[in-house]
Number of protein chains: 2
Amino acid sequence: MQKAKRVTIKDIAKVAGVSYATVSRALSGNSEIGEKTREMVLRICDEMGYTVNYMARSMVTQRTFLLGLIVTHVNNPFMSELAYYIEMYARERGYTLMLCNSAHDIDFEKKVFELLLGRQVDGLIIAPSDSNSYQHLKPYLSKVPTVFVGENLRDLPESYVTVDNFRGTYIGTEYLHSLGHRSILYFGYRKGSVTHQLRADGYMSACRDLGLEPTVYESGLPFSSVEHGHQMAKQLFQKPRSFTAMFAAADSLALGVMGAAEEAGIRIPEDISLMGFDNITYAGLPRINLATIEQPQKAIGSMAVDVLLEKINDASAGYSHKILLPTLIKRGSCRKILPEA
Amino acid sequence: MQKAKRVTIKDIAKVAGVSYATVSRALSGNSEIGEKTREMVLRICDEMGYTVNYMARSMVTQRTFLLGLIVTHVNNPFMSELAYYIEMYARERGYTLMLCNSAHDIDFEKKVFELLLGRQVDGLIIAPSDSNSYQHLKPYLSKVPTVFVGENLRDLPESYVTVDNFRGTYIGTEYLHSLGHRSILYFGYRKGSVTHQLRADGYMSACRDLGLEPTVYESGLPFSSVEHGHQMAKQLFQKPRSFTAMFAAADSLALGVMGAAEEAGIRIPEDISLMGFDNITYAGLPRINLATIEQPQKAIGSMAVDVLLEKINDASAGYSHKILLPTLIKRGSCRKILPEA
DNA sequence: ACAGAATTCGTAAACGTTTTCACTTACTTG
DNA sequence: CAAGTAAGTGAAAACGTTTACGAATTCTGT
C-alpha cells in the first residue's frame, strides 16, 4: 500500500489529451505554449499530485542543481552554523544540499568526494579536514567546480572563502594590549596548518608592532577541540605563569582552558584574561562569556555559494579568493589590568 | 578547461572492445561475467577515472539510495548531533543524505518535503517542527517511507523513534528528591506538544508518587531556546521564590535560566539547583556543568535509519514506535540540601 | 481571401545506466 | 564425437524527462 506509484508526465499527457512534450513545456515554462493548454495541464498536474522527477530531468539537461557539502563534523558548532547558512542560501538559489562528514579523516574525505562526484553534484563546497588535504583532492578538482571554505589555501589556484585570520589575531592582541596586558601567551593547536600559521603570524606581528615579547605554546594536534585545549592547559598550568592573558587560537580550545583553569583554581578573568577565536554559539553562553574574534559565518556561507555558482555558470571563470573581515567581540573573560611597569 | 567531460560506460566499452552491457555487469557485480573480462574492464575503468552515474542508474533501478533529512535547525546542537550520527550511519549503509532545514516553519517544511520527494529520495527522516501538526504532512506520507524522530506522535499510525520523555523527567525528579529537594519547579516551554506533555506528565507523576506538590511554569512558545529560557526566567525571578530546585524541560531553556540567574544575583547551585533535559554538548562545558537527562542520540539516529530501511525494503512492513531509554547525568548544577521539614 | 509569418504542438532522439532475452561459444558426459 | 548443458556476451528496451525539428494551425496585413 506504500507503493503508490508515482505519477509521471505521460500519465498527465494521457489525461490531458496532449503529447507529453506539451506537458513538459507547460511545467518548465521556458518554451512557448498556448495559454489555455498550459492552464489546463497545470490544473491536471495539481489534481493528480504530480511532482517533477529531478533525476530524469537532470539526465537530459546535464544539470542536477545539487550541491555537495563536505564538513569535518556537522556537530562542531562552527560547522553546523556554516552548514545552516549554506543550506538555506543554496535552497534559495534553487539548489539542494548533499551533506557529508569527513570526520577529520583524509581517506574518508577522498571517498566522500568521489561519492558526491558520482551523485553528479553541480558543485562542491568543502571545509577541508586538513589544509594540505588540497593535495589529496587535487586529482578530483578538475572534475567539478569546487570552493574551499574556512581554510586559507594561500595562493593556490583554487577558489576559497575564509576570514582574515591574520587580522583576527592582530586586532585581538591589540585589544588585550589596550586592556593593559603586556605579557600575552598564544595558545595554538596545529603546526603546519596555513590557517593556524596566519593566526599565529597575526599575533606575532601585533606583538612586534606593540613592542611585546611573543610567546607561543602549541600542540601538533590535527584539530582543535575542547579536550585538546583541556589537556594542553592542564600541562601548562602545572608550571609557574608569567603571563596575564591567553589568546587561544580557537574557541573550543579556550573552553578547554576554562575547564583546566577551574580545576587548577585559576580564575578567569581575575587571574588570567582569556580570548578565543571563531565566536561559536557556546562562547556567548551566560557563564562562559568568552571574548573572541567573530568569523562572519553567514557571509562566508553565502559567499561560498555565490562563488561556486559563478564557477558553475561560467566555465571560463577563474578562481577567486575571498577574505572576509573578522570582528572583535568583547566579553567578560577579559578584564582591564594596570600594566606593572 | 573545467568542462572535463565525464567518462561514461560507453567510452569504457569502446576502449575495452566489449558491449556496454558487459561493462555494466563488470561494475555491478551481481550478474554473471567472465573473470578475465571483468578484470580487464575494471582496470580500464580505473585508468580512465570512471565513476558510476548514480542518477542514470537510479532511473532504471527505481532506487536512488538517497535519504532525506529534515531538521528544524542544523545549528541547534541537539539536531546537529543527531544529523551527524544519521549521516554517518546512513552512509555506512550505502545511502547519501540530503539535508534540509525547516526553520520551525510549517509551510517551509511542506515545501521541503515536496522538494525531497521530487528528488526521489528512497525515504525520509523528519524531526518535525511541531508535533501537533503532523496533519499538514499527511498527504505526503503515502508517497514515501517516512520516520519521525525526536517527537512522540503518540498512537498515530506512523513510525517514529524517540526517547522516553515521561521516564526522563520522572527519574530526574526522583533524583532531585533524593538530594533533599521538596519544592521543585517545572520550567516548560510548549503547551500542547506531545513531547512536552509527556515530560510534564513524568514530572507530575513523580511528584505524586513522592508526595510533592507539583508546580508548573510554562510558556506557550513554539520551541525552546536560550533566549526563551532567559525571558521566562527573568520574569520568574522578579517574584519571590518558594522552590529550591528547577527542572527545565530542555537544556537550552536551562542555559537561559543560568543567564537570568546570574543577572538576578541568584547562584546555581547554591541558591537553586538546576536540571535540564537532552544533554546537548553545551551542558557538559566546564563552567556550565548542567545536570540533565541524556537522550541517546546516537542510538536514536541509527535506529531511525534502521526503521526507515526496513520500511523501504519491505513495503508490507507496518509502522513501529521505538522508545529509547534516557539516562540521568549528574553534574554540578544540582546540590544536596537538607530538607527543611 | 490569400500568402506569408507567427504561434502552438507532436514526433523522436537523447541523457547513462540496468536488465531481459536470445545467441554464441565452450564445456560435459556418455 | 554428438548432443546437451552451462556460461558469457551483445542487442535492445526501459526509466522520466527535455528539446531540436518539422508539421499543423492560427494570425496578420493587404
# chains A, B, ... in the order shown; residues from 1 in each chain; ligands from 1
$ interface_residues --of "chain B" --to "chain C" --cutoff "10 Å" --atoms "only C-alpha atoms (C1' of nucleotides)" --output "compact mmCIF listing (two decimals) with N, CA and C atoms, in the first residue's frame"
# COMPACT_ATOMS: atom_id res chain seq x y z
N THR B 8 31.81 7.91 -19.63
CA THR B 8 30.66 7.05 -19.41
C THR B 8 31.01 5.59 -19.68
N ILE B 9 30.04 4.79 -19.43
CA ILE B 9 30.16 3.36 -19.62
C ILE B 9 30.44 3.00 -21.08
N LYS B 10 29.95 3.84 -21.96
CA LYS B 10 30.16 3.57 -23.38
C LYS B 10 31.60 3.82 -23.80
N TYR B 20 28.55 -2.26 -23.99
CA TYR B 20 28.47 -1.56 -22.71
C TYR B 20 27.68 -2.32 -21.67
N ALA B 21 26.90 -3.27 -22.13
CA ALA B 21 26.20 -4.12 -21.16
C ALA B 21 27.22 -4.87 -20.32
N SER B 24 28.70 -2.72 -17.65
CA SER B 24 27.76 -2.60 -16.55
C SER B 24 27.84 -3.82 -15.65
N ARG B 25 27.88 -4.97 -16.26
CA ARG B 25 27.93 -6.21 -15.48
C ARG B 25 29.20 -6.28 -14.65
N SER B 28 28.59 -3.73 -11.64
CA SER B 28 27.58 -4.01 -10.63
C SER B 28 27.85 -5.33 -9.94
N SER B 31 25.72 -9.69 -11.82
CA SER B 31 25.39 -10.54 -12.96
C SER B 31 26.61 -11.41 -13.29
N VAL B 52 30.66 5.81 -11.56
CA VAL B 52 29.30 5.48 -12.00
C VAL B 52 28.37 6.68 -11.80
N ASN B 53 27.45 6.84 -12.70
CA ASN B 53 26.45 7.91 -12.60
C ASN B 53 25.21 7.37 -11.89
N TYR B 54 25.10 7.75 -10.63
CA TYR B 54 24.01 7.22 -9.82
C TYR B 54 22.63 7.60 -10.35
N MET B 55 22.54 8.76 -10.99
CA MET B 55 21.23 9.20 -11.47
C MET B 55 20.74 8.27 -12.56
N ALA B 56 21.64 8.01 -13.48
CA ALA B 56 21.26 7.13 -14.59
C ALA B 56 20.89 5.75 -14.05
N ARG B 57 21.69 5.30 -13.11
CA ARG B 57 21.40 4.01 -12.52
C ARG B 57 20.02 4.01 -11.87
N SER B 58 19.77 5.08 -11.15
CA SER B 58 18.51 5.16 -10.43
C SER B 58 17.31 5.18 -11.37
N MET B 59 17.51 5.77 -12.53
CA MET B 59 16.41 5.84 -13.49
C MET B 59 15.85 4.45 -13.74
N VAL B 60 16.76 3.51 -13.91
CA VAL B 60 16.28 2.17 -14.26
C VAL B 60 16.01 1.30 -13.04
N THR B 61 16.80 1.45 -12.01
CA THR B 61 16.57 0.58 -10.85
C THR B 61 15.42 1.07 -9.98
$ residues_around --residues "B:Ser225" --least-positions-apart "2" --cutoff "8 Å" --atoms "only C-alpha atoms (C1' of nucleotides)" --output "list in words"
Phe223, Glu227, His228, Gly229, Ser252, Leu253 and Gly256 of chain B
$ write_last_selection --atoms "C-alpha atoms" --output "PDB file, in the first residue's frame"
ATOM      1  CA  PHE B 223      10.113  25.851  20.659  1.00  0.00           C
ATOM      2  CA  GLU B 227      16.534  33.330  24.651  1.00  0.00           C
ATOM      3  CA  HIS B 228      13.133  31.966  25.576  1.00  0.00           C
ATOM      4  CA  GLY B 229      14.527  30.483  28.749  1.00  0.00           C
ATOM      5  CA  SER B 252      18.584  25.284  26.069  1.00  0.00           C
ATOM      6  CA  LEU B 253      15.976  26.640  28.460  1.00  0.00           C
ATOM      7  CA  GLY B 256      18.767  30.739  29.559  1.00  0.00           C
TER       8      GLY B 256
END
$ select_by_dssp --residues "stretch 71-259 of chain B" --states "strand (DSSP E)" --output "PyMOL selection string"
chain B and resi 71+96-101+123-126+146-149+159-163+184-188+215-218+245-248
$ write_last_selection --atoms "C-alpha atoms" --output "compact mmCIF listing (two decimals), in the first residue's frame"
# COMPACT_ATOMS: atom_id res chain seq x y z
CA VAL B 71 15.54 19.12 10.80
CA THR B 96 23.57 9.53 0.88
CA LEU B 97 21.84 12.23 2.85
CA MET B 98 20.04 15.28 1.59
CA LEU B 99 19.76 17.72 4.44
CA CYS B 100 17.17 20.45 4.74
CA ASN B 101 16.25 22.89 7.49
CA GLY B 123 12.98 7.51 2.40
CA LEU B 124 12.65 10.44 4.71
CA ILE B 125 13.59 11.15 8.30
CA ILE B 126 11.97 14.16 9.81
CA THR B 146 8.97 8.25 6.47
CA VAL B 147 10.07 8.06 10.06
CA PHE B 148 9.66 10.78 12.61
CA VAL B 149 12.37 11.35 15.08
CA SER B 159 6.83 5.20 12.56
CA TYR B 160 8.82 7.21 15.00
CA VAL B 161 11.76 6.81 17.29
CA THR B 162 12.20 8.94 20.34
CA VAL B 163 13.31 8.91 23.91
CA ILE B 184 10.69 21.60 42.61
CA LEU B 185 9.52 23.95 39.91
CA TYR B 186 8.93 22.56 36.44
CA PHE B 187 10.00 25.02 33.80
CA GLY B 188 8.36 24.09 30.49
CA THR B 215 4.29 23.47 40.28
CA VAL B 216 4.45 24.13 36.58
CA TYR B 217 5.66 27.31 34.98
CA GLU B 218 5.43 27.34 31.22
CA ALA B 245 15.17 23.36 42.51
CA MET B 246 14.14 23.92 38.89
CA PHE B 247 13.63 21.26 36.28
CA ALA B 248 13.89 22.79 32.82
$ interface_residues --of "chain A" --to "chain B" --cutoff "7 Å" --atoms "only C-alpha atoms" --output "count of residues only"
34
$ interface_residues --of "chain D" --to "chain B" --cutoff "12 Å" --atoms "only C-alpha atoms (C1' of nucleotides)" --output "number ranges by chain"
D: 6-17
$ atom_distance --atom1 "atom CA of A:Ile300" --atom2 "atom CA of A:Ile70"
14.9 Å
$ atom_distance --atom1 "atom CA of B:Ser178" --atom2 "atom CA of B:Ala291"
14.1 Å
$ closest_residue --among "A:Ala13, A:Ile86, A:Leu156, A:Leu274" --to "A:Lys138" --atoms "only C-alpha atoms"
A:Leu156
$ atom_distance --atom1 "atom CA of B:Leu324" --atom2 "atom CA of B:Ala127"
15.8 Å
$ select_by_dssp --residues "stretch 101-333 of chain A" --states "alpha helix (DSSP H)" --output "PyMOL selection string"
chain A and resi 106-118+133-141+165-178+194-210+226-236+251-264+297-313
$ residues_around --residues "B:Leu221" --least-positions-apart "3" --cutoff "8 Å" --atoms "only C-alpha atoms (C1' of nucleotides)" --output "list in words"
Tyr189, Arg190, Lys191, Ser224 and His228 of chain B
$ write_last_selection --atoms "C-alpha atoms" --output "PDB file, in the first residue's frame"
ATOM      1  CA  TYR B 189       8.103  25.579  27.073  1.00  0.00           C
ATOM      2  CA  ARG B 190       5.341  24.467  24.819  1.00  0.00           C
ATOM      3  CA  LYS B 191       1.785  23.795  25.671  1.00  0.00           C
ATOM      4  CA  SER B 224      12.814  26.052  23.248  1.00  0.00           C
ATOM      5  CA  HIS B 228      13.133  31.966  25.576  1.00  0.00           C
TER       6      HIS B 228
END
